[in-house]
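Trainee: Contents are compact mmCIF, C-alpha atoms; file name data26.txt:
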```txt
# COMPACT_ATOMS: atom_id res chain seq x y z
CA MET K 1 -6.10 -27.75 -25.45
CA LYS K 2 -3.70 -25.39 -27.20
CA LYS K 3 -6.13 -22.48 -26.71
CA VAL K 4 -6.43 -23.25 -23.02
CA LEU K 5 -2.64 -23.34 -22.62
CA ASN K 6 -2.27 -20.05 -24.49
CA MET K 7 -4.90 -18.41 -22.29
CA LEU K 8 -3.18 -19.76 -19.18
CA ILE K 9 0.17 -18.34 -20.30
CA VAL K 10 -1.36 -14.94 -21.05
CA THR K 11 -3.16 -14.93 -17.69
CA LEU K 12 0.05 -15.77 -15.83
CA MET K 13 1.89 -13.01 -17.68
CA LEU K 14 -0.81 -10.48 -16.75
CA VAL K 15 -0.80 -11.55 -13.12
CA GLY K 16 2.98 -11.24 -13.03
CA THR K 17 2.76 -7.77 -14.58
CA MET K 18 0.13 -6.65 -12.08
CA ALA K 19 2.18 -7.97 -9.18
CA SER K 20 5.22 -6.03 -10.34
CA VAL K 21 3.15 -2.83 -10.64
CA PHE K 22 2.22 -3.11 -6.98
CA ALA K 23 5.51 -4.51 -5.74
CA MET K 24 7.39 -1.36 -4.86
CA GLU K 25 9.88 -0.91 -2.07
CA TYR K 26 9.76 2.08 0.25
CA PRO K 27 12.91 3.90 -1.00
CA GLU K 28 11.72 3.79 -4.61
CA ALA K 29 8.19 4.93 -3.79
CA PHE K 30 9.49 7.67 -1.47
CA SER K 31 11.79 9.00 -4.20
CA GLN K 32 8.79 9.27 -6.53
CA CYS K 33 6.52 11.13 -4.10
CA LYS K 34 6.88 14.38 -6.05
CA GLN K 35 5.34 12.77 -9.11
CA LYS K 36 2.88 10.37 -7.50
CA PRO K 37 1.52 10.02 -3.95
CA MET K 38 2.49 6.97 -1.92
CA MET K 39 0.13 4.77 0.08
CA LEU K 40 2.07 3.04 2.82
CA LEU K 41 0.57 0.30 4.96
CA ILE K 42 2.51 -0.26 8.16
CA TYR K 43 1.77 -3.46 10.02
CA ALA K 44 3.20 -6.27 12.10
CA ASP K 45 2.11 -9.84 11.57
CA TRP K 46 1.50 -10.19 15.31
CA ALA K 47 -0.84 -7.17 15.53
CA ASP K 48 -4.60 -7.58 15.82
CA GLY K 49 -6.40 -6.89 12.56
CA TYR K 50 -3.34 -6.96 10.34
CA GLN K 51 -4.77 -9.60 7.98
CA GLN K 52 -7.94 -7.59 7.36
CA ALA K 53 -5.82 -4.48 6.83
CA LEU K 54 -3.70 -6.33 4.25
CA ASN K 55 -6.81 -7.58 2.46
CA ASN K 56 -8.29 -4.07 2.36
CA PHE K 57 -4.97 -2.61 1.19
CA ASN K 58 -4.91 -5.11 -1.68
CA ASN K 59 -8.51 -4.17 -2.55
CA ILE K 60 -7.58 -0.47 -2.56
CA GLN K 61 -4.68 -1.25 -4.91
CA ASN K 62 -7.10 -2.89 -7.30
CA LEU K 63 -9.66 -0.06 -7.07
CA TYR K 64 -7.16 2.81 -7.43
CA PRO K 65 -4.17 1.33 -9.28
CA LYS K 66 -2.97 4.58 -10.88
CA ASP K 67 -3.51 6.98 -7.99
CA PHE K 68 -0.69 5.86 -5.69
CA ASN K 69 2.55 3.96 -5.46
CA TYR K 70 1.71 1.23 -2.96
CA VAL K 71 4.06 -0.08 -0.29
CA LYS K 72 3.42 -2.68 2.40
CA MET K 73 5.82 -2.48 5.32
CA ASN K 74 6.12 -5.08 8.04
CA ILE K 75 7.96 -3.32 10.87
CA ALA K 76 9.98 -6.50 11.50
CA ASP K 77 11.57 -6.35 8.02
CA LYS K 78 14.98 -4.79 7.34
CA SER K 79 13.44 -2.33 4.89
CA ALA K 80 11.46 -0.77 7.73
CA LYS K 81 14.64 0.62 9.27
CA GLU K 82 15.04 3.20 6.50
CA TYR K 83 11.48 4.44 7.01
CA ASN K 84 11.96 4.55 10.78
CA LYS K 85 15.00 6.83 10.33
CA ARG K 86 12.66 9.54 9.01
CA PHE K 87 9.41 8.77 10.79
CA PRO K 88 8.85 6.96 14.09
CA PHE K 89 6.43 4.06 14.07
CA GLU K 90 3.10 4.62 15.77
CA ALA K 91 2.14 2.17 18.49
CA ASN K 92 -1.29 1.33 17.09
CA LEU K 93 -0.64 -1.13 14.27
CA PRO K 94 -1.76 -1.54 11.55
CA TYR K 95 -2.22 1.90 10.00
CA ALA K 96 -1.78 3.59 6.65
CA ILE K 97 -0.08 6.81 5.63
CA MET K 98 -0.51 8.75 2.42
CA MET K 99 2.49 10.83 1.39
CA LYS K 100 2.83 13.43 -1.34
CA ASN K 101 4.92 16.45 -2.34
CA GLY K 102 8.29 14.82 -1.88
CA GLY K 103 7.44 12.72 1.15
CA THR K 104 5.22 14.94 3.27
CA ILE K 105 2.75 12.94 5.33
CA ALA K 106 -0.58 14.15 4.01
CA ARG K 107 -2.96 11.77 5.74
CA TYR K 108 -2.82 9.22 8.56
CA ILE K 109 -5.43 6.45 8.51
CA LYS K 110 -5.79 4.68 11.84
CA GLY K 111 -6.02 0.93 12.13
CA SER K 112 -9.74 0.76 12.81
CA CYS K 113 -10.34 2.60 9.52
CA VAL K 114 -7.79 0.55 7.55
CA SER K 115 -9.57 -2.59 8.76
CA ASP K 116 -12.97 -1.21 7.65
CA MET K 117 -13.13 -1.11 3.85
CA ALA K 118 -15.86 1.55 3.70
CA CYS K 119 -13.94 3.88 6.01
CA TYR K 120 -10.66 3.23 4.19
CA GLU K 121 -12.14 3.95 0.79
CA LYS K 122 -13.85 7.10 2.07
CA SER K 123 -10.49 8.41 3.33
CA ILE K 124 -8.89 7.73 -0.02
CA LYS K 125 -11.66 9.37 -2.02
CA PHE K 126 -11.36 12.45 0.18
CA PHE K 127 -7.61 12.53 -0.46
CA ILE K 128 -7.91 12.07 -4.22
CA HIS K 129 -10.62 14.70 -4.75
```
Transcribe the structure of this file into structure tokens.

Mentor:
Amino acid sequence: MKKVLNMLIVTLMLVGTMASVFAMEYPEAFSQCKQKPMMLLIYADWADGYQQALNNFNNIQNLYPKDFNYVKMNIADKSAKEYNKRFPFEANLPYAIMMKNGGTIARYIKGSCVSDMACYEKSIKFFIH
């Protein structure tokens, strides 16, 4: 029983650590764009396909954890206002943007691709290599 409890505690600690690695707010990720590209998923919870896009975004985080700083942005949240000061939201939600070199938009990934894991991963591999 003690071994099981110890394993459970270690597992919970690892999950908490992984969640904090991926839990980055837009201002922090944007400020680090010179050192590390940012993958930004922009969505609205009322938009068609947003749940699949979120699932695929989470899968991409797990496949490429060190390649990007990851940010999920619901346009209804307060944090989205800061992003919208610099860049207008596109009408076709959800979509992803990859930024690098201090916040330059390097790649736009449309919603149909973000919702298709094969297409999404292909776009990312092209960007990385």

Trainee: Between atom CA of Met99 of chain K and atom CA of Cys119 of chain K, what is the spacing in Å?

Mentor: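 Computing it gives 18.4 Å between the two atoms.
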
Trainee: Looking at only C-alpha atoms, which of K:Ala80, K:Ile42, K:Ile105, K:Met24 is the one that sits closest to Asn92 of chain K?

Mentor: K:Ile42

Trainee: With distances taken over only C-alpha atoms, which residue among K:Asn101, K:Ser123, K:Ser112, K:Ser79 lies nearest Ile60 of chain K?

Mentor: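 Residue with the minimum atom-to-atom distance to Ile60 of chain K: K:Ser123.
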
Trainee: Just the residues within 12 Å of Pro27 of chain K, please, counting only C-alpha atoms, with nothing from its chain fewer than 5 positions along; format it as a list in words.

Mentor: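 So, after excluding close chain neighbours, the residues are Gln32, Cys33, Met38, Leu40, Asn69, Tyr70, Val71, Met73, Ser79, Ala80, Lys81, Glu82, Tyr83, Asn84, Lys85, Arg86, Gly102 and Gly103 of chain K.
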
Trainee: Please compute the atom CA of Glu90 of chain K-atom CA of Asn59 of chain K distance, one decimal, in Å.

Mentor: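 Between atom CA of Glu90 of chain K and atom CA of Asn59 of chain K the gap is 23.4 Å.
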
Trainee: Rank nothing, just name the residue among K:Gln61, K:Lys100, K:Gly49, K:Asp77 nearest to Ala29 of chain K, using all atoms listed in the file.

Mentor: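 Among the listed residues, K:Lys100 lies closest to Ala29 of chain K.
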
Trainee: If we count all atoms listed in the file and set the cut-off at 12 Å, which residues sit around Gln51 of chain K, ignoring sequence neighbours fewer than 4 positions away in its own chain? Please answer as a PyMOL selection string.

Mentor: chain K and resi 41-47+55-58+74+93-95+111+114-116

Trainee: Any chance you could work out the axis-aligned box around segment 50-65 of chain K, listed atoms only, 6 Å on each side, giving centre and edge lengths in Å to one decimal, as AutoDock Vina command-line options?

Mentor:
```
--center_x -6.5 --center_y -3.4 --center_z 0.5 --size_x 18.3 --size_y 24.4 --size_z 31.6
```

Trainee: Do you have the atom CA of Lys110 of chain K-atom CA of Leu54 of chain K distance handy?

Mentor: 13.5 Å

Trainee: Could you pull the residues within 8 Å of Asp67 of chain K, counting all atoms listed in the file, minus those fewer than 6 positions along the same chain, as a ChimeraX atom specification?

Mentor: /K:36-37,128

Trainee: Given all atoms listed in the file as the basis, pick out the residue of K:Leu63, K:Ile124, K:Lys78, K:Ser31 nearest to Ala96 of chain K.

Mentor: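 Checking each of K:Leu63, K:Ile124, K:Lys78, K:Ser31 against Ala96 of chain K, counting all atoms listed in the file, the winner is K:Ile124.
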
Trainee: For Ala53 of chain K, which of K:Lys72, K:Pro65, K:Phe30, K:Ala91 is the closest residue, counting all atoms listed in the file?

Mentor: K:Lys72

Trainee: Reconstruct all heavy atoms of segment 112-123 of chain K from the incomplete input and present them as a short mmCIF file (atom, residue, chain, number, x, y, z; two decimals), keeping the file's coordinate frame.

Mentor:
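File produced: part-v3.cif:
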```cif
data_model
loop_
_atom_site.label_atom_id
_atom_site.label_comp_id
_atom_site.auth_asym_id
_atom_site.auth_seq_id
_atom_site.Cartn_x
_atom_site.Cartn_y
_atom_site.Cartn_z
N SER K 112 -8.32 1.13 12.86
CA SER K 112 -9.74 0.76 12.81
C SER K 112 -10.35 1.14 11.46
O SER K 112 -11.25 0.46 10.98
CB SER K 112 -10.51 1.41 13.96
OG SER K 112 -10.42 2.82 13.88
N CYS K 113 -9.84 2.19 10.84
CA CYS K 113 -10.34 2.60 9.52
C CYS K 113 -9.73 1.73 8.42
O CYS K 113 -10.42 1.35 7.48
CB CYS K 113 -10.03 4.07 9.29
SG CYS K 113 -10.78 4.75 7.81
N VAL K 114 -8.45 1.41 8.55
CA VAL K 114 -7.79 0.55 7.55
C VAL K 114 -8.44 -0.83 7.53
O VAL K 114 -8.53 -1.47 6.49
CB VAL K 114 -6.28 0.44 7.85
CG1 VAL K 114 -5.61 -0.57 6.96
CG2 VAL K 114 -5.62 1.80 7.68
N SER K 115 -8.93 -1.27 8.67
CA SER K 115 -9.57 -2.59 8.76
C SER K 115 -11.03 -2.57 8.32
O SER K 115 -11.65 -3.61 8.20
CB SER K 115 -9.47 -3.11 10.19
OG SER K 115 -8.11 -3.30 10.52
N ASP K 116 -11.58 -1.38 8.09
CA ASP K 116 -12.97 -1.21 7.65
C ASP K 116 -12.94 -0.67 6.22
O ASP K 116 -12.61 0.50 6.01
CB ASP K 116 -13.68 -0.26 8.60
CG ASP K 116 -15.10 0.08 8.18
OD1 ASP K 116 -15.54 -0.31 7.09
OD2 ASP K 116 -15.78 0.76 8.96
N MET K 117 -13.27 -1.49 5.26
CA MET K 117 -13.13 -1.11 3.85
C MET K 117 -13.88 0.17 3.50
O MET K 117 -13.37 1.02 2.78
CB MET K 117 -13.57 -2.27 2.96
CG MET K 117 -13.28 -2.07 1.50
SD MET K 117 -11.52 -1.89 1.18
CE MET K 117 -11.55 -1.47 -0.54
N ALA K 118 -15.08 0.35 4.02
CA ALA K 118 -15.86 1.55 3.70
C ALA K 118 -15.15 2.80 4.22
O ALA K 118 -15.07 3.82 3.52
CB ALA K 118 -17.26 1.44 4.28
N CYS K 119 -14.65 2.74 5.43
CA CYS K 119 -13.94 3.88 6.01
C CYS K 119 -12.65 4.16 5.24
O CYS K 119 -12.33 5.31 4.94
CB CYS K 119 -13.65 3.59 7.48
SG CYS K 119 -12.80 4.93 8.34
N TYR K 120 -11.92 3.11 4.92
CA TYR K 120 -10.66 3.23 4.19
C TYR K 120 -10.88 3.89 2.83
O TYR K 120 -10.20 4.84 2.46
CB TYR K 120 -10.06 1.84 4.03
CG TYR K 120 -8.59 1.75 3.72
CD1 TYR K 120 -7.76 2.85 3.62
CD2 TYR K 120 -8.02 0.51 3.51
CE1 TYR K 120 -6.42 2.72 3.34
CE2 TYR K 120 -6.67 0.36 3.23
CZ TYR K 120 -5.87 1.48 3.13
OH TYR K 120 -4.54 1.34 2.86
N GLU K 121 -11.86 3.39 2.12
CA GLU K 121 -12.14 3.95 0.79
C GLU K 121 -12.61 5.40 0.87
O GLU K 121 -12.24 6.23 0.05
CB GLU K 121 -13.16 3.08 0.05
CG GLU K 121 -13.28 3.47 -1.41
CD GLU K 121 -14.10 2.50 -2.23
OE1 GLU K 121 -14.73 1.58 -1.67
OE2 GLU K 121 -14.11 2.67 -3.45
N LYS K 122 -13.39 5.72 1.87
CA LYS K 122 -13.85 7.10 2.07
C LYS K 122 -12.66 8.03 2.29
O LYS K 122 -12.60 9.13 1.72
CB LYS K 122 -14.81 7.17 3.25
CG LYS K 122 -15.39 8.53 3.49
CD LYS K 122 -16.37 8.49 4.65
CE LYS K 122 -16.92 9.87 4.94
NZ LYS K 122 -17.86 9.85 6.08
N SER K 123 -11.70 7.61 3.09
CA SER K 123 -10.49 8.41 3.33
C SER K 123 -9.71 8.64 2.05
O SER K 123 -9.18 9.73 1.82
CB SER K 123 -9.59 7.71 4.35
OG SER K 123 -10.19 7.65 5.60
#
```
